[in-house]
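What follows is the content of run-v2.tsv (TSV, C-alpha atoms).
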```
chain	number	residue	atom	x	y	z
P	1485	MET	CA	-3.46	-39.48	11.51
P	1486	ILE	CA	-5.51	-36.38	12.34
P	1487	THR	CA	-7.39	-34.07	10.05
P	1488	ILE	CA	-7.00	-30.30	10.21
P	1489	GLU	CA	-8.38	-27.52	8.03
P	1490	LEU	CA	-5.58	-25.81	6.12
P	1491	ASN	CA	-6.49	-22.65	4.20
P	1492	GLY	CA	-10.07	-23.89	3.96
P	1493	LYS	CA	-9.23	-27.43	2.80
P	1494	GLN	CA	-8.80	-30.68	4.68
P	1495	GLN	CA	-5.22	-31.74	5.39
P	1496	ILE	CA	-4.05	-34.96	7.08
P	1497	VAL	CA	-1.04	-34.78	9.41
P	1498	PRO	CA	0.53	-37.28	11.87
P	1499	PRO	CA	-0.73	-36.97	15.46
P	1500	GLY	CA	1.45	-34.71	17.56
P	1501	SER	CA	2.60	-32.66	14.57
P	1502	ALA	CA	3.85	-29.20	15.38
P	1503	VAL	CA	3.25	-26.17	13.16
P	1504	THR	CA	6.82	-26.49	11.89
P	1505	ASP	CA	6.09	-30.11	10.86
P	1506	LEU	CA	3.10	-28.93	8.86
P	1507	LEU	CA	5.29	-26.38	7.07
P	1508	SER	CA	7.72	-29.15	6.13
P	1509	ILE	CA	4.89	-31.36	4.87
P	1510	ILE	CA	3.56	-28.68	2.53
P	1511	GLY	CA	7.01	-27.40	1.51
P	1512	SER	CA	6.63	-23.87	2.79
P	1513	ASP	CA	9.47	-21.52	3.65
P	1514	GLU	CA	8.99	-20.79	7.33
P	1515	LYS	CA	10.48	-17.30	7.15
P	1516	SER	CA	8.07	-15.97	4.55
P	1517	VAL	CA	4.74	-17.04	6.02
P	1518	ALA	CA	2.41	-15.87	8.75
P	1519	ILE	CA	0.51	-18.60	10.56
P	1520	VAL	CA	-2.83	-18.39	12.29
P	1521	VAL	CA	-4.29	-21.34	14.21
P	1522	ASN	CA	-7.89	-20.98	15.36
P	1523	ASP	CA	-7.64	-17.17	14.98
P	1524	GLU	CA	-4.44	-16.98	17.04
P	1525	ILE	CA	-1.23	-15.78	15.38
P	1526	ILE	CA	1.56	-18.28	16.02
P	1527	ARG	CA	4.85	-16.40	16.17
P	1528	PRO	CA	8.02	-18.01	14.76
P	1529	ASP	CA	9.50	-18.81	18.16
P	1530	LYS	CA	6.33	-20.69	19.18
P	1531	ARG	CA	5.84	-22.78	16.05
P	1532	SER	CA	7.95	-25.80	16.98
P	1533	ALA	CA	6.17	-26.12	20.30
P	1534	HIS	CA	2.63	-25.55	19.03
P	1535	ARG	CA	1.04	-28.99	18.49
P	1536	LEU	CA	-1.84	-29.32	16.08
P	1537	LEU	CA	-5.06	-30.98	17.20
P	1538	GLU	CA	-7.90	-32.66	15.30
P	1539	GLY	CA	-10.13	-30.04	13.69
P	1540	ASP	CA	-7.72	-27.10	14.08
P	1541	ARG	CA	-8.26	-24.33	11.55
P	1542	VAL	CA	-4.89	-23.28	10.17
P	1543	GLU	CA	-4.26	-20.34	7.88
P	1544	ILE	CA	-0.86	-19.96	6.22
P	1545	LEU	CA	-0.44	-16.58	4.58
P	1546	ILE	CA	2.18	-15.02	2.34
P	1547	PHE	CA	2.83	-11.62	0.82
P	1548	ALA	CA	1.78	-11.52	-2.82
P	1549	GLY	CA	1.57	-8.67	-5.29
P	1550	GLY	CA	-0.87	-5.92	-4.38
P	1551	GLY	CA	-1.35	-2.19	-4.71
V	24	MET	CA	17.02	17.28	1.62
V	25	ASP	CA	13.25	17.07	1.15
V	26	PHE	CA	11.84	14.04	2.94
V	27	LEU	CA	8.48	12.35	3.08
V	28	GLN	CA	7.75	12.08	6.79
V	29	LEU	CA	5.42	9.30	7.93
V	30	GLY	CA	5.34	8.91	11.69
V	31	SER	CA	8.97	8.63	12.75
V	32	TYR	CA	10.01	7.32	9.33
V	33	THR	CA	11.56	9.52	6.65
V	34	PHE	CA	11.85	8.66	2.97
V	35	SER	CA	13.76	10.57	0.31
V	36	SER	CA	11.51	9.12	-2.40
V	37	HIS	CA	8.00	10.53	-2.79
V	38	LEU	CA	6.88	7.64	-4.97
V	39	ILE	CA	5.25	4.56	-3.46
V	40	LEU	CA	4.98	1.55	-5.73
V	41	GLY	CA	2.41	-1.25	-5.70
V	42	THR	CA	3.45	-4.78	-6.63
V	43	GLY	CA	0.24	-6.15	-8.19
V	44	LYS	CA	-0.44	-7.06	-11.82
V	45	PHE	CA	3.20	-7.45	-12.90
V	46	SER	CA	3.90	-10.19	-15.44
V	47	SER	CA	6.54	-11.75	-13.17
V	48	ALA	CA	8.37	-11.17	-9.90
V	49	THR	CA	11.52	-10.41	-11.89
V	50	VAL	CA	9.87	-7.58	-13.81
V	51	MET	CA	8.31	-6.27	-10.62
V	52	LEU	CA	11.70	-6.17	-8.88
V	53	GLU	CA	13.26	-4.36	-11.83
V	54	ALA	CA	10.47	-1.79	-11.66
V	55	VAL	CA	10.91	-1.35	-7.90
V	56	ARG	CA	14.62	-0.67	-8.38
V	57	ALA	CA	14.01	1.68	-11.29
V	58	SER	CA	11.36	3.62	-9.35
V	59	GLY	CA	13.64	4.35	-6.42
V	60	ALA	CA	10.59	3.68	-4.22
V	61	GLN	CA	11.43	3.03	-0.59
V	62	LEU	CA	7.90	2.13	0.44
V	63	VAL	CA	6.32	-0.78	-1.44
V	64	THR	CA	2.86	-2.24	-1.00
V	65	VAL	CA	2.07	-5.95	-0.80
V	66	ALA	CA	-1.09	-7.97	-0.18
V	67	LEU	CA	-1.78	-10.92	2.11
V	68	ARG	CA	-2.77	-14.13	0.34
V	69	ARG	CA	-3.22	-17.74	1.34
V	70	PHE	CA	-0.16	-19.87	0.68
V	71	ASN	CA	-0.64	-22.09	-2.38
V	72	ARG	CA	1.90	-24.86	-2.79
V	73	ASP	CA	1.16	-24.99	-6.53
V	74	GLN	CA	2.12	-21.33	-7.01
V	75	PRO	CA	5.31	-20.74	-5.03
V	76	ALA	CA	6.27	-17.79	-7.29
V	77	ASP	CA	3.43	-15.77	-5.72
V	78	ASP	CA	5.54	-15.31	-2.61
V	79	LEU	CA	7.18	-11.88	-2.85
V	80	PHE	CA	8.50	-11.64	0.70
V	81	SER	CA	12.00	-13.00	0.12
V	82	PRO	CA	12.56	-11.29	-3.27
V	83	LEU	CA	11.51	-7.90	-1.88
V	84	ARG	CA	13.58	-8.34	1.26
V	85	ALA	CA	16.60	-8.76	-1.00
V	86	VAL	CA	16.15	-5.21	-2.36
V	87	PRO	CA	18.07	-2.83	-0.08
V	88	GLY	CA	16.30	0.16	1.40
V	89	ILE	CA	12.76	-1.16	1.00
V	90	THR	CA	10.09	-0.89	3.68
V	91	LEU	CA	7.00	-3.03	3.16
V	92	MET	CA	3.53	-1.60	3.50
V	93	PRO	CA	1.01	-4.47	3.52
V	94	ASN	CA	-2.56	-3.67	2.59
V	95	THR	CA	-5.78	-5.08	3.99
V	96	SER	CA	-7.29	-5.81	0.60
V	97	GLY	CA	-9.91	-8.52	0.88
V	98	ALA	CA	-11.27	-7.14	4.14
V	99	SER	CA	-14.84	-5.92	3.95
V	100	THR	CA	-15.24	-4.86	7.59
V	101	ALA	CA	-13.16	-3.00	10.17
V	102	ALA	CA	-12.75	-6.18	12.21
V	103	GLU	CA	-11.38	-8.07	9.22
V	104	ALA	CA	-9.00	-5.23	8.41
V	105	VAL	CA	-7.69	-5.10	11.98
V	106	ARG	CA	-7.12	-8.87	11.92
V	107	ALA	CA	-5.34	-8.65	8.55
V	108	ALA	CA	-3.18	-5.79	9.83
V	109	ASN	CA	-2.01	-7.79	12.83
V	110	ILE	CA	-1.17	-10.81	10.69
V	111	ALA	CA	0.62	-8.63	8.14
V	112	ARG	CA	2.71	-6.87	10.78
V	113	GLU	CA	3.85	-10.27	12.04
V	114	LEU	CA	5.29	-10.97	8.62
V	115	SER	CA	6.46	-7.55	7.44
V	116	GLY	CA	8.14	-6.40	10.61
V	117	SER	CA	6.93	-2.96	9.57
V	118	PRO	CA	4.42	-0.75	11.39
V	119	PHE	CA	2.97	0.49	8.10
V	120	ILE	CA	-0.48	-0.69	7.13
V	121	LYS	CA	-2.51	0.45	4.17
V	122	VAL	CA	-6.12	0.21	5.25
V	123	GLU	CA	-8.12	-0.76	2.21
V	124	ILE	CA	-11.72	-1.83	2.73
V	125	HIS	CA	-13.76	-2.01	-0.45
V	126	PRO	CA	-16.80	-4.25	-0.26
V	127	ASN	CA	-17.94	-3.90	-3.88
V	128	PRO	CA	-15.65	-5.39	-6.56
V	129	GLN	CA	-17.53	-3.52	-9.29
V	130	HIS	CA	-16.21	-0.09	-8.28
V	131	LEU	CA	-13.75	-0.84	-5.44
V	132	MET	CA	-14.79	2.35	-3.65
V	133	PRO	CA	-13.59	2.37	-0.04
V	134	ASP	CA	-16.14	2.00	2.75
V	135	PRO	CA	-15.71	5.20	4.79
V	136	ILE	CA	-17.39	3.94	7.96
V	137	GLU	CA	-15.49	0.66	8.25
V	138	THR	CA	-12.27	2.39	7.18
V	139	PHE	CA	-12.62	5.03	9.88
V	140	GLU	CA	-13.28	2.43	12.58
V	141	ALA	CA	-10.34	0.25	11.50
V	142	CYS	CA	-8.00	3.25	11.42
V	143	ARG	CA	-9.10	4.42	14.85
V	144	ILE	CA	-8.29	1.01	16.34
V	145	LEU	CA	-5.03	0.46	14.44
V	146	ALA	CA	-3.64	3.92	15.23
V	147	LYS	CA	-4.24	3.21	18.93
V	148	GLU	CA	-2.39	-0.09	18.55
V	149	GLY	CA	0.70	1.71	17.26
V	150	PHE	CA	0.42	1.10	13.53
V	151	LEU	CA	1.41	3.76	11.02
V	152	VAL	CA	-1.98	3.86	9.39
V	153	MET	CA	-2.31	4.79	5.72
V	154	PRO	CA	-5.98	4.74	4.75
V	155	TYR	CA	-7.16	4.46	1.15
V	156	ILE	CA	-10.22	6.72	1.00
V	157	ALA	CA	-12.53	8.54	-1.34
V	158	ALA	CA	-11.46	12.14	-1.88
V	159	ASP	CA	-13.57	13.37	1.05
V	160	PRO	CA	-12.13	16.32	2.99
V	161	VAL	CA	-14.29	15.70	6.06
V	162	LEU	CA	-13.31	12.05	6.32
V	163	ALA	CA	-9.66	12.95	5.71
V	164	LYS	CA	-9.73	15.37	8.65
V	165	ARG	CA	-11.43	12.84	10.91
V	166	LEU	CA	-8.75	10.28	10.03
V	167	GLU	CA	-6.01	12.77	10.81
V	168	GLU	CA	-7.64	13.42	14.19
V	169	VAL	CA	-7.58	9.71	15.14
V	170	GLY	CA	-3.86	9.51	14.45
V	171	CYS	CA	-3.37	8.30	10.88
V	172	ALA	CA	0.13	8.82	9.47
V	173	SER	CA	-1.28	9.98	6.13
V	174	VAL	CA	-4.46	9.96	4.11
V	175	MET	CA	-4.54	8.37	0.68
V	176	PRO	CA	-7.46	9.71	-1.35
V	177	LEU	CA	-8.13	8.22	-4.75
V	178	GLY	CA	-7.50	10.17	-7.92
V	179	SER	CA	-10.05	7.93	-9.62
V	180	ALA	CA	-11.17	4.30	-9.38
V	181	ILE	CA	-8.48	1.65	-8.77
V	182	GLY	CA	-6.90	0.52	-12.01
V	183	SER	CA	-9.12	2.80	-14.12
V	184	GLY	CA	-6.40	5.10	-15.46
V	185	GLN	CA	-8.83	8.03	-15.24
V	186	GLY	CA	-6.23	10.24	-13.58
V	187	LEU	CA	-7.01	13.06	-11.15
V	188	ALA	CA	-10.79	13.09	-11.56
V	189	THR	CA	-11.09	14.27	-7.95
V	190	VAL	CA	-8.75	17.24	-8.33
V	191	GLU	CA	-11.02	19.81	-6.65
V	192	MET	CA	-11.55	17.66	-3.57
V	193	LEU	CA	-7.85	16.78	-3.46
V	194	ASN	CA	-6.99	20.48	-3.36
V	195	ILE	CA	-9.25	20.95	-0.34
V	196	ILE	CA	-7.80	17.90	1.43
V	197	ILE	CA	-4.23	19.13	0.81
V	198	ARG	CA	-5.08	22.62	2.06
V	199	GLU	CA	-6.67	21.32	5.27
V	200	SER	CA	-4.30	18.46	6.13
V	201	ASN	CA	-1.41	18.49	8.59
V	202	ILE	CA	-0.34	14.99	7.52
V	203	PRO	CA	0.94	13.92	4.09
V	204	VAL	CA	-1.73	13.52	1.44
V	205	ILE	CA	-0.89	10.68	-0.93
V	206	VAL	CA	-2.86	10.22	-4.12
V	207	ASP	CA	-3.57	6.52	-4.36
V	208	ALA	CA	-5.27	4.94	-7.34
V	209	GLY	CA	-6.34	5.92	-10.81
V	210	LEU	CA	-3.16	7.50	-12.14
V	211	ARG	CA	-2.24	6.63	-15.71
V	212	SER	CA	0.57	8.94	-16.75
V	213	PRO	CA	3.63	10.51	-15.14
V	214	SER	CA	2.26	13.98	-15.91
V	215	GLU	CA	-0.68	13.26	-13.60
V	216	ALA	CA	1.76	12.27	-10.86
V	217	ALA	CA	3.70	15.49	-11.45
V	218	LEU	CA	0.48	17.49	-11.19
V	219	ALA	CA	-0.44	15.79	-7.91
V	220	MET	CA	2.97	16.70	-6.50
V	221	GLU	CA	2.74	20.29	-7.81
V	222	MET	CA	-0.58	20.57	-5.96
V	223	GLY	CA	1.21	19.72	-2.73
V	224	CYS	CA	0.74	15.98	-2.28
V	225	GLY	CA	3.34	14.35	-0.07
V	226	ALA	CA	3.63	11.36	-2.37
V	227	VAL	CA	1.78	9.35	-4.98
V	228	LEU	CA	1.13	5.62	-4.99
V	229	VAL	CA	1.22	3.98	-8.40
V	230	ASN	CA	0.72	0.38	-9.42
V	231	SER	CA	-1.29	-0.42	-12.55
V	232	ALA	CA	0.18	2.40	-14.64
V	233	VAL	CA	3.61	0.87	-14.20
V	234	ALA	CA	2.72	-2.82	-14.06
V	235	VAL	CA	0.63	-3.03	-17.22
V	236	SER	CA	2.80	-0.73	-19.36
V	237	ASP	CA	4.86	-2.26	-22.15
V	238	ASN	CA	8.07	-1.60	-20.22
V	239	PRO	CA	7.43	-1.44	-16.46
V	240	PRO	CA	10.99	-0.52	-15.38
V	241	ALA	CA	11.07	2.38	-17.86
V	242	MET	CA	7.62	3.56	-16.79
V	243	ALA	CA	8.66	3.31	-13.13
V	244	GLU	CA	11.63	5.54	-13.86
V	245	ALA	CA	9.40	7.99	-15.73
V	246	PHE	CA	7.06	8.21	-12.74
V	247	ALA	CA	10.03	8.74	-10.42
V	248	GLU	CA	11.27	11.65	-12.54
V	249	ALA	CA	7.78	13.17	-12.77
V	250	VAL	CA	7.24	12.91	-9.02
V	251	SER	CA	10.61	14.49	-8.38
V	252	ALA	CA	9.95	17.31	-10.86
V	253	GLY	CA	6.49	17.97	-9.42
V	254	ARG	CA	7.82	18.07	-5.88
V	255	LYS	CA	10.59	20.49	-6.84
V	256	ALA	CA	8.07	22.73	-8.56
V	257	PHE	CA	5.82	22.73	-5.51
V	258	LYS	CA	8.72	23.58	-3.23
V	259	ALA	CA	9.90	26.32	-5.61
V	260	GLY	CA	6.41	27.87	-5.61
V	261	LEU	CA	4.23	28.08	-8.69
V	262	MET	CA	3.42	31.52	-10.06
V	263	SER	CA	-0.12	32.73	-9.55
V	264	LYS	CA	-2.60	32.65	-12.43
V	265	SER	CA	-3.84	35.80	-14.10
V	266	SER	CA	-6.77	36.35	-16.44
V	267	LEU	CA	-4.73	38.97	-18.29
V	268	ALA	CA	-1.45	38.73	-20.15
V	269	ILE	CA	1.53	40.08	-18.27
V	270	ALA	CA	4.41	40.86	-20.59
V	271	THR	CA	7.77	39.27	-20.08
V	272	SER	CA	9.51	41.65	-22.52
V	273	PRO	CA	9.53	45.47	-22.59
V	274	LEU	CA	6.70	46.78	-24.76
V	275	THR	CA	8.50	50.01	-25.71
V	276	ALA	CA	7.94	50.51	-29.40
V	277	PHE	CA	11.22	50.84	-31.28
V	278	LEU	CA	10.81	49.13	-34.65
V	279	GLY	CA	9.72	51.85	-36.97
V	280	ALA	CA	9.45	54.25	-34.09
V	281	LYS	CA	10.21	57.85	-34.90
V	282	VAL	CA	13.20	59.19	-33.06
```
Structure encoded using C-alpha cells:
Amino acid sequence: MITIELNGKQQIVPPGSAVTDLLSIIGSDEKSVAIVVNDEIIRPDKRSAHRLLEGDRVEILIFAGGG
Amino acid sequence: MDFLQLGSYTFSSHLILGTGKFSSATVMLEAVRASGAQLVTVALRRFNRDQPADDLFSPLRAVPGITLMPNTSGASTAAEAVRAANIARELSGSPFIKVEIHPNPQHLMPDPIETFEACRILAKEGFLVMPYIAADPVLAKRLEEVGCASVMPLGSAIGSGQGLATVEMLNIIIRESNIPVIVDAGLRSPSEAALAMEMGCGAVLVNSAVAVSDNPPAMAEAFAEAVSAGRKAFKAGLMSKSSLAIATSPLTAFLGAKV
C-alpha cells in the first residue's frame, strides 16, 4: 500500500492506483468533482491513466452552496 | 426583450441567486426555480464523504436554463483566486467566475489590490470576470479597463441586510460604467433590489435575504418581481425631482367661484 495526502489527510491506496480508483475507494461521483494532484488539474479524460505515487497531494473539490 | 448582456452571454433574468445558507438542497432548488434566475453562484469546497448532500453540482445541472458562476471564496490572494478559478472552470464548464477575495472574516470586505490583479489575469485567460468589490468608482473603472464582464459593488457587508448603504457611490459607478453594474451583497428586502434596478443596475445578486427567510421560494419570487419592476421603471424613465409642488389637476377655482 502507498500513502497519499487527500484533502489534507492521509489516505492509503493500493500501489498503482489511478485517480479513478481513488474516486471509487472514497465513493465519489466522478462527474461532479474537480481533481488536483500536486497542483495540476487532472481532467476527466486523463484520470484513468493518471497513477498515484507515494506522497502525492490530492485535492478533490465539489461545488457547494455559496453566494 | 430587455437582456442582461455579460460578454457574449445574454440573460432575460436580471436576478442572480446565490446558493449558500439554505436549509437544504431541496429548498435551494425550489428557490432557484421560483427566482427565474439563469445565473447561479456556487462555491468550491473539499469533497467530504460524510456530507454527500453538500454536492450541488448534479442537482443544479438538473435545472434547465441555469448557468453556473463559481466564486473564489476562500482565496485571500490573487494567485489563490486564479488557481480556484481554473479549478472551478474545469467543473462548471462555464467561463463565468465571481472573483471574491476577502481576507478578513470579521467584515468580509474585498481586497481591492488582490482583486484587481486576479481580474487582470483571468480576463486575459478568457474568463468572464465578475468581481465583488467595494463601491469604489475608481476601482470599478480600472476593472472595466482590464476587461471584466461586469463589476459587482457591495450594497453593504455580506449577509448584513443593511441594504444600499453605498447608494451615492453606486450612482457614480453606474453613471461611469460601460459594463453592467450588479449590486452584490447586503440586500435585505425586494424594495432595495427594485431601487437598485431603478438606479440603473444591470442586475442584483441576492443570497442571504432569500436563503434565511421563512419561505425562501416565496422570497425568491418576490425578489424576481421587484427586480423586474425596477428594471421596467428604469427603462421607462423616472420623472425628475422638484423642490416645488407641480399640480396634476387644474387649479382653476370653480367651487364657490362667482360667475
Can you tell me which residues surround region 29-34 of chain V at a distance of at most 10 Å, considering all atoms listed in the file, apart from same-chain residues fewer than 5 positions away, and format the answer as an mmCIF file with C-alpha atoms, in the coordinates of the input?
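What landed in out_23.cif:
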```
data_model
loop_
_atom_site.group_PDB
_atom_site.id
_atom_site.type_symbol
_atom_site.label_atom_id
_atom_site.label_comp_id
_atom_site.auth_asym_id
_atom_site.auth_seq_id
_atom_site.Cartn_x
_atom_site.Cartn_y
_atom_site.Cartn_z
ATOM 1 C CA ALA V 60 10.590 3.680 -4.220
ATOM 2 C CA GLN V 61 11.430 3.030 -0.590
ATOM 3 C CA LEU V 62 7.900 2.130 0.440
ATOM 4 C CA GLY V 88 16.300 0.160 1.400
ATOM 5 C CA THR V 90 10.090 -0.890 3.680
ATOM 6 C CA PRO V 118 4.420 -0.750 11.390
ATOM 7 C CA PHE V 119 2.970 0.490 8.100
ATOM 8 C CA PHE V 150 0.420 1.100 13.530
ATOM 9 C CA LEU V 151 1.410 3.760 11.020
ATOM 10 C CA VAL V 152 -1.980 3.860 9.390
ATOM 11 C CA MET V 153 -2.310 4.790 5.720
ATOM 12 C CA GLY V 170 -3.860 9.510 14.450
ATOM 13 C CA CYS V 171 -3.370 8.300 10.880
ATOM 14 C CA ALA V 172 0.130 8.820 9.470
ATOM 15 C CA SER V 173 -1.280 9.980 6.130
ATOM 16 C CA ILE V 202 -0.340 14.990 7.520
ATOM 17 C CA PRO V 203 0.940 13.920 4.090
ATOM 18 C CA GLY V 225 3.340 14.350 -0.070
#
```
Tell me, in Å to one decimal, how far CA of Ala180 (chain V) is from CA of Gly1549 (chain P).
18.6 Å
Considering only C-alpha atoms, state which residue in the set P:Asn1491, P:Pro1528, P:Met1485, P:Ile1496 is at the smallest distance from Val1542 (chain P).
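Residue with the minimum atom-to-atom distance to Val1542 (chain P): P:Asn1491.
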Mind giving me the straight-line distance from CA of Arg165 (chain V) to CA of Lys121 (chain V) in Å, one decimal?
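Going from CA of Arg165 (chain V) over to CA of Lys121 (chain V), I get 16.7 Å.
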Once you count all atoms listed in the file, what closest atom pair and distance in Å to one decimal does each residue of chain V within 8 Å of chain P have, with rows by chain and rising residue number, as a tab-separated table?
```
residue	atom	partner	partner_atom	distance
V:Leu40	CA	P:Gly1551	CA	7.4
V:Gly41	CA	P:Gly1551	CA	4.0
V:Thr42	CA	P:Gly1549	CA	4.5
V:Gly43	CA	P:Gly1550	CA	4.0
V:Lys44	CA	P:Gly1549	CA	7.0
V:Phe45	CA	P:Gly1549	CA	7.9
V:Thr64	CA	P:Gly1551	CA	5.6
V:Val65	CA	P:Gly1550	CA	4.6
V:Ala66	CA	P:Gly1550	CA	4.7
V:Leu67	CA	P:Phe1547	CA	4.8
V:Arg68	CA	P:Ile1546	CA	5.4
V:Arg69	CA	P:Leu1545	CA	4.4
V:Phe70	CA	P:Leu1545	CA	5.1
V:Arg72	CA	P:Ile1510	CA	6.8
V:Asp77	CA	P:Ala1548	CA	5.4
V:Asp78	CA	P:Ala1548	CA	5.3
V:Leu79	CA	P:Ala1548	CA	5.4
V:Phe80	CA	P:Phe1547	CA	5.7
V:Ser81	CA	P:Ser1516	CA	6.6
V:Pro93	CA	P:Phe1547	CA	7.9
V:Asn94	CA	P:Gly1550	CA	7.5
V:Ile110	CA	P:Ala1518	CA	6.5
V:Ala111	CA	P:Ala1518	CA	7.5
V:Glu113	CA	P:Ala1518	CA	6.7
V:Leu114	CA	P:Ala1518	CA	5.7
V:Val229	CA	P:Gly1551	CA	7.6
V:Asn230	CA	P:Gly1551	CA	5.8
```
Using all atoms listed in the file, determine which residues lie at most 7 Å from region 1531-1541 of chain P, disregarding the query and same-chain residues fewer than 3 positions distant; provide the list as a PyMOL selection string.
chain P and resi 1486-1490+1500-1504+1521-1522+1526-1528
Quick one, how far is CA of Ala243 (chain V) from CA of Met175 (chain V)?
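Those two atoms sit 19.8 Å apart.
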Find the smallest box with edges along x, y and z containing every listed atom of region 1514-1523 of chain P, then add 4 Å on each side and report centre and edge lengths in Å to one decimal, as lines of an AutoDock Vina configuration file.
```
center_x = 1.3
center_y = -18.6
center_z = 10.0
size_x = 26.4
size_y = 13.5
size_z = 18.8
```
Contacts of Leu210 (chain V) at 10 Å (only C-alpha atoms; same-chain gap of 3+ positions) as a list in words:
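Here the qualifying residues turn out to be Leu177, Gly178, Ser179, Ala180, Ile181, Gly182, Ser183, Gly184, Gln185, Gly186, Leu187, Ala188, Val206, Asp207, Pro213, Ser214, Glu215, Ala216, Ala219, Val227, Leu228, Val229, Asn230, Ser231, Ala232 and Val233 of chain V.
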